[in-house]
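Next comes entry15.pdb, a file with PDB, C-alpha atoms and all ligand atoms.
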```
ATOM      1  CA  MET C   1       2.534  -4.967  -8.366  1.00  0.00           C
ATOM      2  CA  ALA C   2       0.275  -2.007  -7.503  1.00  0.00           C
ATOM      3  CA  GLY C   3      -1.675  -1.779  -4.239  1.00  0.00           C
ATOM      4  CA  THR C   4      -1.256  -3.305  -0.850  1.00  0.00           C
ATOM      5  CA  ILE C   5      -0.448  -6.982  -0.547  1.00  0.00           C
ATOM      6  CA  ASN C   6      -2.466  -8.605   2.246  1.00  0.00           C
ATOM      7  CA  ILE C   7      -0.949 -11.547   4.052  1.00  0.00           C
ATOM      8  CA  GLN C   8      -2.515 -13.424   6.965  1.00  0.00           C
ATOM      9  CA  VAL C   9      -0.201 -14.942   9.570  1.00  0.00           C
ATOM     10  CA  ILE C  10      -1.763 -17.784  11.577  1.00  0.00           C
ATOM     11  CA  ASN C  11      -0.217 -19.409  14.637  1.00  0.00           C
ATOM     12  CA  GLY C  12      -1.733 -22.441  16.287  1.00  0.00           C
ATOM     13  CA  PRO C  13      -1.754 -23.978  19.769  1.00  0.00           C
ATOM     14  CA  ASN C  14       0.874 -23.076  22.359  1.00  0.00           C
ATOM     15  CA  LEU C  15       2.604 -20.547  20.136  1.00  0.00           C
ATOM     16  CA  ASN C  16       1.226 -17.791  22.389  1.00  0.00           C
ATOM     17  CA  MET C  17       3.666 -19.203  24.976  1.00  0.00           C
ATOM     18  CA  LEU C  18       6.787 -18.575  22.883  1.00  0.00           C
ATOM     19  CA  GLY C  19       9.537 -17.073  25.006  1.00  0.00           C
ATOM     20  CA  LYS C  20       8.497 -19.232  27.957  1.00  0.00           C
ATOM     21  CA  ARG C  21       7.929 -22.484  26.140  1.00  0.00           C
ATOM     22  CA  GLU C  22      10.955 -24.775  25.639  1.00  0.00           C
ATOM     23  CA  PRO C  23      13.238 -21.845  24.670  1.00  0.00           C
ATOM     24  CA  GLN C  24      16.048 -24.277  23.834  1.00  0.00           C
ATOM     25  CA  ILE C  25      13.830 -25.504  20.966  1.00  0.00           C
ATOM     26  CA  TYR C  26      11.730 -22.479  20.040  1.00  0.00           C
ATOM     27  CA  GLY C  27      13.969 -19.556  21.028  1.00  0.00           C
ATOM     28  CA  ALA C  28      13.637 -16.713  23.520  1.00  0.00           C
ATOM     29  CA  ASP C  29      11.436 -14.372  21.497  1.00  0.00           C
ATOM     30  CA  THR C  30       7.763 -13.966  22.297  1.00  0.00           C
ATOM     31  CA  LEU C  31       5.144 -14.214  19.565  1.00  0.00           C
ATOM     32  CA  ASP C  32       4.560 -10.447  19.871  1.00  0.00           C
ATOM     33  CA  GLN C  33       8.265  -9.823  19.262  1.00  0.00           C
ATOM     34  CA  ILE C  34       8.281 -12.160  16.270  1.00  0.00           C
ATOM     35  CA  ASN C  35       5.188 -10.467  14.850  1.00  0.00           C
ATOM     36  CA  ALA C  36       6.647  -6.993  15.410  1.00  0.00           C
ATOM     37  CA  GLY C  37       9.851  -7.960  13.576  1.00  0.00           C
ATOM     38  CA  LEU C  38       7.861  -9.334  10.677  1.00  0.00           C
ATOM     39  CA  GLU C  39       5.675  -6.228  10.567  1.00  0.00           C
ATOM     40  CA  LYS C  40       8.769  -4.035  10.457  1.00  0.00           C
ATOM     41  CA  ALA C  41      10.116  -5.984   7.485  1.00  0.00           C
ATOM     42  CA  ALA C  42       6.774  -6.114   5.666  1.00  0.00           C
ATOM     43  CA  ALA C  43       5.642  -2.478   5.881  1.00  0.00           C
ATOM     44  CA  PRO C  44       8.301  -0.959   3.566  1.00  0.00           C
ATOM     45  CA  MET C  45       7.485  -3.675   1.024  1.00  0.00           C
ATOM     46  CA  GLY C  46       3.858  -2.555   0.795  1.00  0.00           C
ATOM     47  CA  VAL C  47       2.642  -5.604   2.685  1.00  0.00           C
ATOM     48  CA  ALA C  48      -0.161  -5.407   5.245  1.00  0.00           C
ATOM     49  CA  LEU C  49       0.039  -8.299   7.699  1.00  0.00           C
ATOM     50  CA  LYS C  50      -2.823  -9.593   9.771  1.00  0.00           C
ATOM     51  CA  PHE C  51      -2.056 -11.780  12.782  1.00  0.00           C
ATOM     52  CA  PHE C  52      -4.165 -14.518  14.338  1.00  0.00           C
ATOM     53  CA  GLN C  53      -3.264 -17.009  17.043  1.00  0.00           C
ATOM     54  CA  SER C  54      -5.532 -19.558  18.650  1.00  0.00           C
ATOM     55  CA  ASN C  55      -5.185 -22.638  20.800  1.00  0.00           C
ATOM     56  CA  HIS C  56      -8.434 -24.000  19.362  1.00  0.00           C
ATOM     57  CA  GLU C  57      -8.674 -26.021  16.179  1.00  0.00           C
ATOM     58  CA  GLY C  58     -12.236 -24.881  15.431  1.00  0.00           C
ATOM     59  CA  ALA C  59     -11.343 -21.208  15.872  1.00  0.00           C
ATOM     60  CA  ILE C  60      -8.560 -21.591  13.320  1.00  0.00           C
ATOM     61  CA  VAL C  61     -10.907 -23.395  10.913  1.00  0.00           C
ATOM     62  CA  ASP C  62     -13.452 -20.557  11.365  1.00  0.00           C
ATOM     63  CA  LYS C  63     -10.728 -17.994  10.701  1.00  0.00           C
ATOM     64  CA  ILE C  64      -9.756 -19.748   7.473  1.00  0.00           C
ATOM     65  CA  HIS C  65     -13.413 -19.830   6.393  1.00  0.00           C
ATOM     66  CA  GLY C  66     -13.467 -16.056   6.892  1.00  0.00           C
ATOM     67  CA  LEU C  67     -10.401 -15.722   4.681  1.00  0.00           C
ATOM     68  CA  PHE C  68     -12.325 -17.400   1.864  1.00  0.00           C
ATOM     69  CA  GLU C  69     -14.437 -14.202   1.749  1.00  0.00           C
ATOM     70  CA  ASP C  70     -11.691 -11.739   2.726  1.00  0.00           C
ATOM     71  CA  ARG C  71      -9.426 -12.841  -0.105  1.00  0.00           C
ATOM     72  CA  MET C  72      -5.843 -12.734   1.101  1.00  0.00           C
ATOM     73  CA  ASP C  73      -2.807 -12.633  -1.173  1.00  0.00           C
ATOM     74  CA  GLY C  74      -0.990 -15.187   0.937  1.00  0.00           C
ATOM     75  CA  ILE C  75      -1.076 -17.195   4.146  1.00  0.00           C
ATOM     76  CA  ILE C  76       1.818 -17.914   6.498  1.00  0.00           C
ATOM     77  CA  ILE C  77       0.793 -20.644   8.925  1.00  0.00           C
ATOM     78  CA  ASN C  78       2.498 -22.356  11.826  1.00  0.00           C
ATOM     79  CA  PRO C  79      -0.198 -24.817  12.913  1.00  0.00           C
ATOM     80  CA  GLY C  80       1.794 -26.003  15.954  1.00  0.00           C
ATOM     81  CA  ALA C  81       0.781 -29.511  16.993  1.00  0.00           C
ATOM     82  CA  LEU C  82      -2.268 -29.370  14.689  1.00  0.00           C
ATOM     83  CA  THR C  83       0.256 -29.830  11.880  1.00  0.00           C
ATOM     84  CA  HIS C  84       0.481 -33.480  12.757  1.00  0.00           C
ATOM     85  CA  THR C  85      -3.171 -34.251  13.459  1.00  0.00           C
ATOM     86  CA  SER C  86      -5.666 -31.947  11.824  1.00  0.00           C
ATOM     87  CA  VAL C  87      -7.603 -33.144   8.795  1.00  0.00           C
ATOM     88  CA  ALA C  88     -10.035 -30.277   9.549  1.00  0.00           C
ATOM     89  CA  LEU C  89      -7.278 -27.694   9.142  1.00  0.00           C
ATOM     90  CA  ARG C  90      -6.126 -29.360   5.945  1.00  0.00           C
ATOM     91  CA  ASP C  91      -9.655 -29.373   4.534  1.00  0.00           C
ATOM     92  CA  ALA C  92     -10.181 -25.709   5.468  1.00  0.00           C
ATOM     93  CA  LEU C  93      -6.943 -24.632   3.774  1.00  0.00           C
ATOM     94  CA  LEU C  94      -8.075 -26.436   0.620  1.00  0.00           C
ATOM     95  CA  LEU C  95     -10.763 -23.730   0.321  1.00  0.00           C
ATOM     96  CA  LEU C  96      -8.135 -21.109  -0.390  1.00  0.00           C
ATOM     97  CA  SER C  97      -6.414 -20.491  -3.687  1.00  0.00           C
ATOM     98  CA  CYS C  98      -3.637 -18.084  -2.580  1.00  0.00           C
ATOM     99  CA  PRO C  99      -0.076 -19.208  -1.770  1.00  0.00           C
ATOM    100  CA  ILE C 100       0.150 -20.955   1.620  1.00  0.00           C
ATOM    101  CA  VAL C 101       3.485 -21.312   3.392  1.00  0.00           C
ATOM    102  CA  GLU C 102       3.726 -23.750   6.295  1.00  0.00           C
ATOM    103  CA  ILE C 103       6.393 -22.738   8.764  1.00  0.00           C
ATOM    104  CA  HIS C 104       7.919 -24.369  11.836  1.00  0.00           C
ATOM    105  CA  LEU C 105      10.427 -22.776  14.161  1.00  0.00           C
ATOM    106  CA  SER C 106      12.073 -26.127  14.853  1.00  0.00           C
ATOM    107  CA  ASN C 107      13.174 -28.667  12.272  1.00  0.00           C
ATOM    108  CA  ILE C 108      10.302 -31.115  12.685  1.00  0.00           C
ATOM    109  CA  TYR C 109      12.255 -33.829  10.834  1.00  0.00           C
ATOM    110  CA  LYS C 110      15.042 -33.787  13.444  1.00  0.00           C
ATOM    111  CA  ARG C 111      12.555 -34.422  16.265  1.00  0.00           C
ATOM    112  CA  GLU C 112      10.199 -37.205  17.411  1.00  0.00           C
ATOM    113  CA  ALA C 113       8.790 -39.431  14.679  1.00  0.00           C
ATOM    114  CA  PHE C 114       5.223 -38.174  15.268  1.00  0.00           C
ATOM    115  CA  ARG C 115       6.358 -34.705  14.187  1.00  0.00           C
ATOM    116  CA  HIS C 116       7.694 -35.940  10.853  1.00  0.00           C
ATOM    117  CA  LYS C 117       4.208 -36.144   9.363  1.00  0.00           C
ATOM    118  CA  SER C 118       2.483 -32.916   8.344  1.00  0.00           C
ATOM    119  CA  MET C 119      -1.188 -33.051   7.367  1.00  0.00           C
ATOM    120  CA  ILE C 120      -0.777 -29.923   5.272  1.00  0.00           C
ATOM    121  CA  ALA C 121       2.667 -30.171   3.666  1.00  0.00           C
ATOM    122  CA  ASP C 122       1.321 -31.649   0.439  1.00  0.00           C
ATOM    123  CA  ILE C 123      -1.396 -29.029   0.033  1.00  0.00           C
ATOM    124  CA  ALA C 124       0.741 -26.035   1.042  1.00  0.00           C
ATOM    125  CA  THR C 125       2.720 -24.140  -1.566  1.00  0.00           C
ATOM    126  CA  GLY C 126       5.826 -24.962   0.441  1.00  0.00           C
ATOM    127  CA  GLN C 127       7.209 -25.641   3.890  1.00  0.00           C
ATOM    128  CA  ILE C 128       9.951 -23.954   5.938  1.00  0.00           C
ATOM    129  CA  SER C 129      11.221 -25.824   8.985  1.00  0.00           C
ATOM    130  CA  GLY C 130      14.099 -25.294  11.373  1.00  0.00           C
ATOM    131  CA  PHE C 131      15.169 -21.667  10.970  1.00  0.00           C
ATOM    132  CA  GLY C 132      13.551 -20.238  14.110  1.00  0.00           C
ATOM    133  CA  HIS C 133      11.666 -16.965  13.789  1.00  0.00           C
ATOM    134  CA  TYR C 134      13.595 -16.153  10.606  1.00  0.00           C
ATOM    135  CA  GLY C 135      11.368 -18.780   8.990  1.00  0.00           C
ATOM    136  CA  TYR C 136       8.470 -16.294   9.076  1.00  0.00           C
ATOM    137  CA  HIS C 137      10.614 -13.822   7.130  1.00  0.00           C
ATOM    138  CA  MET C 138      11.544 -16.554   4.646  1.00  0.00           C
ATOM    139  CA  ALA C 139       7.840 -17.328   4.220  1.00  0.00           C
ATOM    140  CA  LEU C 140       7.078 -13.651   3.575  1.00  0.00           C
ATOM    141  CA  GLY C 141       9.857 -13.509   0.963  1.00  0.00           C
ATOM    142  CA  ALA C 142       8.592 -16.689  -0.681  1.00  0.00           C
ATOM    143  CA  ILE C 143       5.050 -15.325  -1.003  1.00  0.00           C
ATOM    144  CA  LEU C 144       6.270 -11.983  -2.403  1.00  0.00           C
ATOM    145  CA  ASN C 145       8.428 -13.835  -4.890  1.00  0.00           C
ATOM    146  CA  ILE C 146       5.386 -15.728  -6.139  1.00  0.00           C
ATOM    147  CA  ILE C 147       3.179 -12.621  -6.305  1.00  0.00           C
ATOM    148  CA  ASN C 148       5.749 -10.329  -7.905  1.00  0.00           C
ATOM    149  CA  GLY C 149       6.989 -13.032 -10.225  1.00  0.00           C
TER     150      GLY C 149
HETATM  151  C1  LIG J   1       6.125 -26.335  15.748  1.00  0.00           C
HETATM  152  C2  LIG J   1       6.475 -27.828  15.709  1.00  0.00           C
HETATM  153  C3  LIG J   1       5.319 -28.673  16.208  1.00  0.00           C
HETATM  154  O1  LIG J   1       5.668 -30.043  16.180  1.00  0.00           O
HETATM  155  C4  LIG J   1       4.955 -28.293  17.625  1.00  0.00           C
HETATM  156  O2  LIG J   1       3.837 -29.040  18.068  1.00  0.00           O
HETATM  157  C5  LIG J   1       4.734 -26.851  17.787  1.00  0.00           C
HETATM  158  C6  LIG J   1       5.636 -25.917  17.120  1.00  0.00           C
HETATM  159  C7  LIG J   1       7.334 -25.448  15.399  1.00  0.00           C
HETATM  160  O3  LIG J   1       7.124 -24.261  15.136  1.00  0.00           O
HETATM  161  O4  LIG J   1       8.479 -25.923  15.404  1.00  0.00           O
HETATM  162  O5  LIG J   1       3.852 -26.411  18.533  1.00  0.00           O
HETATM  163  O6  LIG J   1       5.108 -26.087  14.790  1.00  0.00           O
END
```
Serialized structure, structure tokens:
Amino acid sequence: MAGTINIQVINGPNLNMLGKREPQIYGADTLDQINAGLEKAAAPMGVALKFFQSNHEGAIVDKIHGLFEDRMDGIIINPGALTHTSVALRDALLLLSCPIVEIHLSNIYKREAFRHKSMIADIATGQISGFGHYGYHMALGAILNIING
């Protein structure tokens, strides 16, 4: 496919604390380190990544509204705890027509029952859960596979 592929990476609440936050569950890497690793993998593939993290549901909804105009080729989203609660996030994502990959560092199905329900799993293109930061790379590969056919 000719031209740059634009992919937006969105991380929700508390993911700015990666590295400090429950490292036995989420790993030792910071979000900046995860993003840098993803950037390094994406650049040679002609992919331009944009990164956004917020602890605020409304800010993430606003960001997604902006993407409606900006037209991305794909979205990689780890909504953090909003995964389990946010109808607003679900409704915002329904605005978009590009592939959306939901990713979780931990395997949410191996954890507390309240984490087993995702408000966006059935409207996302697919979900990756339990592979740590490699999940972001899997999500990138999945989106490229869809785009490049
Ligand atoms: C998470 C799983 C969520 O249940 C949790 O609230 C998070 C992180 C993950 O990446 O494993 O904040 O999305």
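Here atom CA of Ser54 of chain C stands at a distance of 6.7 Å from atom CA of Asn11 of chain C.
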**Spatial sel., origin (6.7, -13.5, -1.3), limit 12 Å, only C-alpha atoms, listed as a ChimeraX atom specification** = /C:1,5-7,42,45-47,73-76,98-101,125-126,136-149
**Prompt:** Quick one, how far is atom CA of Thr83 of chain C from atom CA of Gly37 of chain C?
**Reply:**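 Between atom CA of Thr83 of chain C and atom CA of Gly37 of chain C the gap is 23.9 Å.
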**Asked** Near Glu102 of chain C, counting all atoms listed in the file, which residues have an atom at most 6 Å away, once you skip same-chain residues fewer than 6 positions from it, shown as a list in words?
**Response**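 Contacts, in chain order: Ile77, Asn78 and Gln127 of chain C.
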**Option closest in space to Asp62 of chain C, from C:Pro13, C:Phe114, C:Ala88, C:Leu18 [counting only C-alpha atoms]** =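 Going through C:Pro13, C:Phe114, C:Ala88, C:Leu18 one by one, the smallest distance to Asp62 of chain C is for C:Ala88.
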**Message:** Show me the residues close to (14.9, -25.6, 11.1) - anything with an atom within 12 Å, counting only C-alpha atoms - and format the list as a PyMOL selection string.
**Reply:** chain C and resi 25-27+103-111+127-136+138
**Message:** So the first atom is atom CA of Asp122 of chain C and the second is atom CA of Arg90 of chain C; what is the distance between them in Å, to one decimal place?
**Reply:**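 Taking atom CA of Asp122 of chain C as the start and atom CA of Arg90 of chain C as the end point, the length is 9.5 Å.
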**Prompt:** With all atoms listed in the file as the atoms that count, which of C:Leu94, C:Gly80, C:Thr85, C:Gly12 lies nearest to ligand LIG 1 (chain J)?
**Reply:**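 Checking each of C:Leu94, C:Gly80, C:Thr85, C:Gly12 against ligand LIG 1 (chain J), counting all atoms listed in the file, the winner is C:Gly80.
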**Asked** So, counting all atoms listed in the file, which residue among C:Thr4, C:Asn14, C:Ala113, C:Arg21 is closest to Ala43 of chain C?
**Response**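 Ranking C:Thr4, C:Asn14, C:Ala113, C:Arg21 by distance to Ala43 of chain C, first place goes to C:Thr4.
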**Request:** Have a look at C:Ile120, C:Gly19, C:Thr30, C:Ala92 and name the one nearest to Lys63 of chain C; count only C-alpha atoms.
**Result:** C:Ala92
**Request:** Using all atoms listed in the file, find the one residue out of C:Leu95, C:Val61, C:Ile10, C:Ala124 that sits nearest to ligand LIG 1 (chain J).
**Result:** C:Ile10
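Checking C:Leu82, C:Met119, C:Val87, C:Leu38 one by one against ligand LIG 1 (chain J), counting only C-alpha atoms and all ligand atoms, you find the shortest gap at C:Leu82.
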Hey, could you pull the box centre and edge lengths for ligand LIG 1 (chain J), axis-aligned, 8 Å padding per side, all listed atoms, to one decimal in Å, as JSON?
```
{"center_x": 6.2, "center_y": -27.2, "center_z": 16.7, "size_x": 20.6, "size_y": 21.8, "size_z": 19.7}
```
**Message:** Given the PyMOL selection byres (((chain C and resi 31) around 8) and not hetatm) and the file above, list the residues it selects as a list of chain:residue names.
**Reply:**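 That expression, the PyMOL selection byres (((chain C and resi 31) around 8) and not hetatm), corresponds here to C:Leu15, C:Asn16, C:Met17, C:Leu18, C:Gly19, C:Asp29, C:Thr30, C:Asp32, C:Gln33, C:Ile34, C:Asn35.
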